[in-house]
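Visitor: Pasting my_file_30.pdb below, which is PDB, C-alpha atoms and all ligand atoms.
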```
ATOM      1  CA  MET A   1     110.834 115.559  96.852
ATOM      2  CA  ILE A   2     108.490 112.595  97.118
ATOM      3  CA  LEU A   3     107.266 110.571  94.149
ATOM      4  CA  VAL A   4     103.535 109.866  94.496
ATOM      5  CA  SER A   5     101.017 107.726  92.609
ATOM      6  CA  ALA A   6      99.023 110.378  90.763
ATOM      7  CA  CYS A   7      95.707 108.650  91.522
ATOM      8  CA  LEU A   8      96.297 109.209  95.272
ATOM      9  CA  LEU A   9      96.329 112.963  94.593
ATOM     10  CA  GLY A  10      92.954 112.806  92.847
ATOM     11  CA  VAL A  11      94.168 112.520  89.259
ATOM     12  CA  CYS A  12      91.729 110.372  87.251
ATOM     13  CA  CYS A  13      94.334 107.970  85.888
ATOM     14  CA  LYS A  14      92.932 104.769  87.397
ATOM     15  CA  TYR A  15      91.994 101.927  85.020
ATOM     16  CA  SER A  16      88.298 102.731  85.546
ATOM     17  CA  GLY A  17      88.816 106.412  84.730
ATOM     18  CA  GLY A  18      88.437 107.367  88.390
ATOM     19  CA  ASP A  19      90.942 108.235  91.102
ATOM     20  CA  ASN A  20      92.093 106.957  94.489
ATOM     21  CA  LYS A  21      92.249 110.344  96.218
ATOM     22  CA  ASN A  22      93.639 110.080  99.722
ATOM     23  CA  GLN A  23      93.455 113.253 101.795
ATOM     24  CA  LYS A  24      96.323 112.143 104.021
ATOM     25  CA  VAL A  25      98.589 112.026 100.957
ATOM     26  CA  VAL A  26      97.180 115.241  99.450
ATOM     27  CA  ASP A  27      97.930 117.065 102.740
ATOM     28  CA  LEU A  28     101.638 116.270 102.378
ATOM     29  CA  ILE A  29     101.818 118.898  99.611
ATOM     30  CA  LYS A  30     101.713 121.604 102.317
ATOM     31  CA  LYS A  31     105.146 120.537 103.435
ATOM     32  CA  TYR A  32     106.812 118.535 100.673
ATOM     33  CA  ASN A  33     107.278 118.694  96.914
ATOM     34  CA  LEU A  34     105.181 115.871  95.515
ATOM     35  CA  ILE A  35     105.864 114.549  92.010
ATOM     36  CA  PRO A  36     102.778 112.776  90.614
ATOM     37  CA  VAL A  37     103.370 109.791  88.346
ATOM     38  CA  CYS A  38     101.128 107.163  86.797
ATOM     39  CA  PRO A  39     103.380 104.364  85.531
ATOM     40  CA  GLU A  40     100.602 102.739  83.515
ATOM     41  CA  GLN A  41      99.918 105.943  81.591
ATOM     42  CA  LEU A  42     103.674 106.545  81.229
ATOM     43  CA  GLY A  43     103.841 103.067  79.734
ATOM     44  CA  GLY A  44     101.417 104.086  77.000
ATOM     45  CA  LEU A  45      98.164 102.611  78.287
ATOM     46  CA  SER A  46      94.963 104.574  77.829
ATOM     47  CA  THR A  47      92.512 105.680  80.501
ATOM     48  CA  PRO A  48      90.103 104.091  81.055
ATOM     49  CA  ARG A  49      91.724 100.711  80.361
ATOM     50  CA  LYS A  50      91.101  97.098  81.215
ATOM     51  CA  PRO A  51      92.422  96.076  84.640
ATOM     52  CA  ALA A  52      95.612  94.019  84.530
ATOM     53  CA  GLU A  53      97.420  91.786  87.006
ATOM     54  CA  ILE A  54     100.863  90.208  87.238
ATOM     55  CA  GLN A  55     100.732  86.565  86.143
ATOM     56  CA  ALA A  56     104.315  85.768  87.111
ATOM     57  CA  GLU A  57     105.620  84.598  90.484
ATOM     58  CA  ASP A  58     106.746  88.167  91.188
ATOM     59  CA  ALA A  59     107.492  91.531  89.565
ATOM     60  CA  LYS A  60     111.198  90.752  89.380
ATOM     61  CA  LYS A  61     110.400  88.044  86.836
ATOM     62  CA  VAL A  62     108.453  90.594  84.782
ATOM     63  CA  LEU A  63     111.434  92.963  84.803
ATOM     64  CA  ASP A  64     113.744  90.070  83.909
ATOM     65  CA  GLY A  65     111.595  89.306  80.845
ATOM     66  CA  ILE A  66     110.364  85.926  82.053
ATOM     67  CA  GLY A  67     106.983  86.904  83.481
ATOM     68  CA  LYS A  68     103.917  88.602  82.078
ATOM     69  CA  VAL A  69     101.319  91.194  82.972
ATOM     70  CA  VAL A  70      97.988  90.406  81.341
ATOM     71  CA  ASN A  71      94.707  92.286  81.341
ATOM     72  CA  VAL A  72      91.328  90.813  82.199
ATOM     73  CA  CYS A  73      90.708  90.043  78.492
ATOM     74  CA  GLY A  74      93.947  88.073  78.236
ATOM     75  CA  GLU A  75      95.898  90.748  76.344
ATOM     76  CA  ASP A  76      99.601  90.933  77.163
ATOM     77  CA  VAL A  77     100.457  94.396  78.518
ATOM     78  CA  THR A  78     103.878  93.480  79.906
ATOM     79  CA  GLN A  79     105.762  95.922  77.688
ATOM     80  CA  ASN A  80     103.560  98.809  78.830
ATOM     81  CA  PHE A  81     104.182  97.963  82.486
ATOM     82  CA  VAL A  82     107.932  97.633  82.009
ATOM     83  CA  LYS A  83     108.120 100.863  79.987
ATOM     84  CA  GLY A  84     106.087 102.673  82.657
ATOM     85  CA  ALA A  85     108.442 101.423  85.350
ATOM     86  CA  TYR A  86     111.538 102.677  83.525
ATOM     87  CA  GLU A  87     109.958 106.037  82.672
ATOM     88  CA  THR A  88     109.071 106.459  86.361
ATOM     89  CA  LEU A  89     112.631 105.585  87.367
ATOM     90  CA  LYS A  90     113.878 108.179  84.861
ATOM     91  CA  LEU A  91     111.817 110.854  86.625
ATOM     92  CA  ALA A  92     112.923 109.648  90.060
ATOM     93  CA  ASN A  93     116.563 109.960  89.015
ATOM     94  CA  LEU A  94     116.029 113.331  87.343
ATOM     95  CA  TYR A  95     114.647 114.778  90.586
ATOM     96  CA  ASP A  96     116.965 112.727  92.810
ATOM     97  CA  VAL A  97     113.991 111.254  94.609
ATOM     98  CA  LYS A  98     114.679 108.852  97.476
ATOM     99  CA  ILE A  99     111.118 108.134  98.634
ATOM    100  CA  ALA A 100     107.861 107.177  96.941
ATOM    101  CA  ILE A 101     104.333 106.907  98.313
ATOM    102  CA  PHE A 102     102.463 104.566  96.024
ATOM    103  CA  LYS A 103      98.980 103.093  95.779
ATOM    104  CA  SER A 104      98.686  99.805  97.608
ATOM    105  CA  LYS A 105      97.874  96.520  95.813
ATOM    106  CA  SER A 106      98.351  97.876  92.269
ATOM    107  CA  PRO A 107     100.233  95.717  89.726
ATOM    108  CA  SER A 108     102.384  98.797  89.040
ATOM    109  CA  CYS A 109     102.478 100.713  92.311
ATOM    110  CA  GLY A 110     101.681  98.099  94.988
ATOM    111  CA  CYS A 111     104.215  97.465  97.744
ATOM    112  CA  GLY A 112     104.211  94.377  99.948
ATOM    113  CA  PHE A 113     100.919  93.014  98.627
ATOM    114  CA  ILE A 114      99.429  92.886  95.124
ATOM    115  CA  TYR A 115      96.456  91.198  93.466
ATOM    116  CA  ASP A 116      97.281  87.560  92.838
ATOM    117  CA  GLY A 117      96.629  87.387  89.081
ATOM    118  CA  SER A 118      93.244  85.671  89.284
ATOM    119  CA  PHE A 119      91.168  88.883  88.953
ATOM    120  CA  SER A 120      89.184  87.723  91.985
ATOM    121  CA  GLY A 121      90.302  90.412  94.419
ATOM    122  CA  LYS A 122      92.645  88.018  96.240
ATOM    123  CA  LEU A 123      96.025  89.324  97.355
ATOM    124  CA  LYS A 124      99.480  87.783  97.524
ATOM    125  CA  SER A 125     102.833  88.986  98.818
ATOM    126  CA  GLY A 126     104.806  91.022  96.326
ATOM    127  CA  ASN A 127     105.392  94.375  94.696
ATOM    128  CA  GLY A 128     104.069  96.062  91.591
ATOM    129  CA  VAL A 129     106.416  96.273  88.602
ATOM    130  CA  THR A 130     107.353  99.946  89.086
ATOM    131  CA  THR A 131     107.752  99.549  92.829
ATOM    132  CA  GLU A 132     110.100  96.613  92.288
ATOM    133  CA  LEU A 133     112.272  98.618  89.881
ATOM    134  CA  LEU A 134     112.428 101.609  92.223
ATOM    135  CA  ILE A 135     113.384  99.404  95.176
ATOM    136  CA  GLN A 136     116.079  97.727  93.064
ATOM    137  CA  ASN A 137     117.453 101.226  92.477
ATOM    138  CA  GLY A 138     117.591 102.224  96.135
ATOM    139  CA  ILE A 139     114.335 104.146  96.409
ATOM    140  CA  LYS A 140     112.207 103.463  99.481
ATOM    141  CA  VAL A 141     108.562 102.817  98.637
ATOM    142  CA  TYR A 142     105.651 103.192 101.053
ATOM    143  CA  THR A 143     101.914 102.921 100.486
ATOM    144  CA  GLU A 144      99.174 105.314 101.526
ATOM    145  CA  ASP A 145      98.375 102.854 104.322
ATOM    146  CA  ASP A 146     101.844 103.296 105.836
ATOM    147  CA  ILE A 147     102.030 107.025 106.068
ATOM    148  CA  ASP A 148     101.064 110.013 108.128
ATOM    149  CA  TYR A 149     102.889 113.275 108.862
ATOM    150  CA  LYS A 150     104.839 111.815 111.771
ATOM    151  CA  THR A 151     105.998 108.806 109.764
ATOM    152  CA  ILE A 152     107.026 110.940 106.796
ATOM    153  CA  GLU A 153     108.949 113.373 108.992
ATOM    154  CA  LYS A 154     110.750 110.461 110.570
ATOM    155  CA  ILE A 155     111.530 108.965 107.165
ATOM    156  CA  MET A 156     112.701 112.293 105.746
ATOM    157  CA  LYS A 157     115.018 112.842 108.721
ATOM    158  CA  ILE A 158     116.498 109.393 108.249
ATOM    159  CA  ASP A 159     116.903 109.726 104.503
ATOM    160  CA  TYR A 160     118.123 113.311 104.158
TER     161      TYR A 160
HETATM  162  S1  LIG B   1      99.443 102.878  87.836
HETATM  163 FE1  LIG B   1      99.739 103.610  89.902
HETATM  164  S2  LIG B   1      99.336 105.816  89.682
HETATM  165 FE2  LIG B   1      98.496 104.864  87.877
HETATM  166  S3  LIG B   1      96.354 104.500  88.411
HETATM  167 FE3  LIG B   1      97.496 102.624  88.893
HETATM  168  S4  LIG B   1      97.985 102.836  91.061
HETATM  169 FE4  LIG B   1      97.436 104.864  90.321
END
```
Now, as a test, write the supplied structure out as structure tokens.

Guide:
Amino acid sequence: MILVSACLLGVCCKYSGGDNKNQKVVDLIKKYNLIPVCPEQLGGLSTPRKPAEIQAEDAKKVLDGIGKVVNVCGEDVTQNFVKGAYETLKLANLYDVKIAIFKSKSPSCGCGFIYDGSFSGKLKSGNGVTTELLIQNGIKVYTEDDIDYKTIEKIMKIDY
């Protein structure tokens, strides 16, 4: 079982109404059970929606209730992002998932680097809100940039 950002599988759940289909990730379905999730939709946001970015120092602060996620129009969508993170964790626990492959740079799914909050396309170190919660709960998160069959097989052998 691998938890996957639904947009990487071609689901049109992206803020723009489009997807982030990645054939490398889609091909994993031949060998593994992939569970598609979109934390922002699970958090109650509509599609399409306005793009949002983390305004806090990091996602941990958002989860701790002392940082915000705000959309490009200045609306506070923190509660949606936190709800989406916990709903995703619920699914991960239900299926006993140990690994996730998430969309890079996203304020929900990003891992290692995310947009810096200025809506200018600049990146900073850090994780998306859902990624942070999953990591805090022992789930290993990778992005589509990190993976190929060989890497996944190696990871699966280590983790199972
Ligand atoms: S929240 Fe995650 S799954 Fe949903 S569109 Fe954004 S990157 Fe994709």

Visitor: Enumerate residues in contact with ligand LIG 1 (chain B): an atom-to-atom distance of at most 7 Å, counting all atoms listed in the file. Format the result as a PDB file with C-alpha atoms, in the coordinates of the input.

Guide:
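Now in selection30.pdb:
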```pdb
ATOM      1  CA  SER A   5     101.017 107.726  92.609  1.00  0.00           C
ATOM      2  CA  ALA A   6      99.023 110.378  90.763  1.00  0.00           C
ATOM      3  CA  CYS A   7      95.707 108.650  91.522  1.00  0.00           C
ATOM      4  CA  LEU A   8      96.297 109.209  95.272  1.00  0.00           C
ATOM      5  CA  CYS A  13      94.334 107.970  85.888  1.00  0.00           C
ATOM      6  CA  LYS A  14      92.932 104.769  87.397  1.00  0.00           C
ATOM      7  CA  TYR A  15      91.994 101.927  85.020  1.00  0.00           C
ATOM      8  CA  VAL A  37     103.370 109.791  88.346  1.00  0.00           C
ATOM      9  CA  CYS A  38     101.128 107.163  86.797  1.00  0.00           C
ATOM     10  CA  PRO A  39     103.380 104.364  85.531  1.00  0.00           C
ATOM     11  CA  GLU A  40     100.602 102.739  83.515  1.00  0.00           C
ATOM     12  CA  GLN A  41      99.918 105.943  81.591  1.00  0.00           C
ATOM     13  CA  PHE A 102     102.463 104.566  96.024  1.00  0.00           C
ATOM     14  CA  LYS A 103      98.980 103.093  95.779  1.00  0.00           C
ATOM     15  CA  SER A 106      98.351  97.876  92.269  1.00  0.00           C
ATOM     16  CA  SER A 108     102.384  98.797  89.040  1.00  0.00           C
ATOM     17  CA  CYS A 109     102.478 100.713  92.311  1.00  0.00           C
TER      18      CYS A 109
END
```

Visitor: So that I can see what lies close to A:Ala85, please list as a ChimeraX atom specification the residues with an atom at most 12 Å from it, counting only C-alpha atoms and leaving out residues fewer than 4 positions away in the same chain.

Guide: /A:37-44,59-60,62-63,78-81,89-92,107-109,128-137

Visitor: Which one of A:Glu75, A:Asp145, A:Asp96, A:Asp64 sits closest to A:Phe113 if you count all atoms listed in the file?

Guide: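 Using all atoms listed in the file, the shortest distance to A:Phe113 belongs to A:Asp145.
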
Visitor: For stretch 17-28 of chain A, please output as a ChimeraX atom specification all residues within 9 Å (counting only C-alpha atoms; exclusion window: fewer than 5 positions along the same chain).

Guide: /A:4,6-12,33-34,47-49,101,103,144,147-149,152

Visitor: Could you tell me, as a list of chain:residue names, exactly which residues end up selected when the PyMOL selection byres (((chain A and resi 116-120) around 6) and not hetatm) is applied to this structure?

Guide: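 Applied to this file, the PyMOL selection byres (((chain A and resi 116-120) around 6) and not hetatm) selects A:Glu53, A:Ile54, A:Gln55, A:Tyr115, A:Gly121, A:Lys122, A:Leu123, A:Lys124.
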
Visitor: Enter the distance from atom CA of A:Pro36 to atom CA of A:Ala56, in Å, rounded to one decimal.

Guide: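 That distance, rounded to one decimal, is 27.3 Å.
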
Visitor: Grab the atom CA of A:Lys50 to atom CA of A:Gly74 distance for me, in Å with one decimal place.

Guide: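 So the answer is 9.9 Å.
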
Visitor: Go ahead and compute the interatomic distance for atom CA of A:Met156 and atom CA of A:Asn93, in Å to one decimal.

Guide: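 Computing the Euclidean distance for atom CA of A:Met156 and atom CA of A:Asn93 yields 17.3 Å.
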
Visitor: Find the residue from A:Val69, A:Lys98, A:Gly110, A:Tyr142 that sits nearest to A:Glu57; use only C-alpha atoms when measuring.

Guide: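 The closest residue to A:Glu57 is A:Val69.
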
Visitor: Measuring between only C-alpha atoms, which one of A:Gly65, A:Ile99, A:Cys73, A:Ile155 shows the shortest distance to A:Gly138?

Guide: A:Ile99

Visitor: Could you tell me which of A:Ile35, A:Ile2, A:Ile114, A:Leu45 comes closest to A:Gly84 if we count only C-alpha atoms?

Guide: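 Distance minimum relative to A:Gly84 lands on A:Leu45.
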
Visitor: Output, as AutoDock Vina command-line options, the centre and edge lengths in Å (one decimal) of the axis-aligned box that contains all listed atoms of stretch 91-95 of chain A with 5 Å of margin on each side.

Guide:
```
--center_x 114.2 --center_y 112.2 --center_z 88.6 --size_x 14.7 --size_y 15.1 --size_z 14.0
```

Visitor: Could stretch 101-117 of chain A be completed with N, CA and C atoms and returned as a PDB file, in the frame of the given file?

Guide:
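Writing the result to result_26.pdb gives the following:
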```pdb
ATOM      1  N   ILE A 101     105.562 107.361  97.644  1.00  0.00           N
ATOM      2  CA  ILE A 101     104.333 106.907  98.313  1.00  0.00           C
ATOM      3  C   ILE A 101     103.393 106.460  97.197  1.00  0.00           C
ATOM      4  N   PHE A 102     103.170 105.171  97.154  1.00  0.00           N
ATOM      5  CA  PHE A 102     102.463 104.566  96.024  1.00  0.00           C
ATOM      6  C   PHE A 102     101.167 103.902  96.473  1.00  0.00           C
ATOM      7  N   LYS A 103     100.289 103.714  95.525  1.00  0.00           N
ATOM      8  CA  LYS A 103      98.980 103.093  95.779  1.00  0.00           C
ATOM      9  C   LYS A 103      99.145 101.600  96.089  1.00  0.00           C
ATOM     10  N   SER A 104      98.585 101.208  97.202  1.00  0.00           N
ATOM     11  CA  SER A 104      98.686  99.805  97.608  1.00  0.00           C
ATOM     12  C   SER A 104      97.987  98.868  96.618  1.00  0.00           C
ATOM     13  N   LYS A 105      98.465  97.658  96.538  1.00  0.00           N
ATOM     14  CA  LYS A 105      97.874  96.520  95.813  1.00  0.00           C
ATOM     15  C   LYS A 105      97.964  96.586  94.287  1.00  0.00           C
ATOM     16  N   SER A 106      98.324  97.724  93.735  1.00  0.00           N
ATOM     17  CA  SER A 106      98.351  97.876  92.269  1.00  0.00           C
ATOM     18  C   SER A 106      99.443  97.012  91.627  1.00  0.00           C
ATOM     19  N   PRO A 107      99.186  96.493  90.417  1.00  0.00           N
ATOM     20  CA  PRO A 107     100.233  95.717  89.726  1.00  0.00           C
ATOM     21  C   PRO A 107     101.422  96.576  89.292  1.00  0.00           C
ATOM     22  N   SER A 108     101.257  97.898  89.310  1.00  0.00           N
ATOM     23  CA  SER A 108     102.384  98.797  89.040  1.00  0.00           C
ATOM     24  C   SER A 108     102.946  99.365  90.329  1.00  0.00           C
ATOM     25  N   CYS A 109     102.055  99.905  91.164  1.00  0.00           N
ATOM     26  CA  CYS A 109     102.478 100.713  92.311  1.00  0.00           C
ATOM     27  C   CYS A 109     102.432  99.981  93.656  1.00  0.00           C
ATOM     28  N   GLY A 110     101.832  98.814  93.713  1.00  0.00           N
ATOM     29  CA  GLY A 110     101.681  98.099  94.988  1.00  0.00           C
ATOM     30  C   GLY A 110     103.014  97.810  95.657  1.00  0.00           C
ATOM     31  N   CYS A 111     102.996  97.738  96.989  1.00  0.00           N
ATOM     32  CA  CYS A 111     104.215  97.465  97.744  1.00  0.00           C
ATOM     33  C   CYS A 111     103.884  96.525  98.905  1.00  0.00           C
ATOM     34  N   GLY A 112     104.449  95.353  98.870  1.00  0.00           N
ATOM     35  CA  GLY A 112     104.211  94.377  99.948  1.00  0.00           C
ATOM     36  C   GLY A 112     103.129  93.374  99.615  1.00  0.00           C
ATOM     37  N   PHE A 113     102.021  93.879  99.057  1.00  0.00           N
ATOM     38  CA  PHE A 113     100.919  93.014  98.627  1.00  0.00           C
ATOM     39  C   PHE A 113     100.379  93.496  97.283  1.00  0.00           C
ATOM     40  N   ILE A 114     100.052  92.556  96.414  1.00  0.00           N
ATOM     41  CA  ILE A 114      99.429  92.886  95.124  1.00  0.00           C
ATOM     42  C   ILE A 114      98.325  91.866  94.840  1.00  0.00           C
ATOM     43  N   TYR A 115      97.478  92.169  93.874  1.00  0.00           N
ATOM     44  CA  TYR A 115      96.456  91.198  93.466  1.00  0.00           C
ATOM     45  C   TYR A 115      97.159  89.973  92.856  1.00  0.00           C
ATOM     46  N   ASP A 116      96.549  88.810  93.096  1.00  0.00           N
ATOM     47  CA  ASP A 116      97.281  87.560  92.838  1.00  0.00           C
ATOM     48  C   ASP A 116      97.246  87.050  91.393  1.00  0.00           C
ATOM     49  N   GLY A 117      96.625  87.801  90.492  1.00  0.00           N
ATOM     50  CA  GLY A 117      96.629  87.387  89.081  1.00  0.00           C
ATOM     51  C   GLY A 117      95.367  86.661  88.656  1.00  0.00           C
TER      52      GLY A 117
END
```
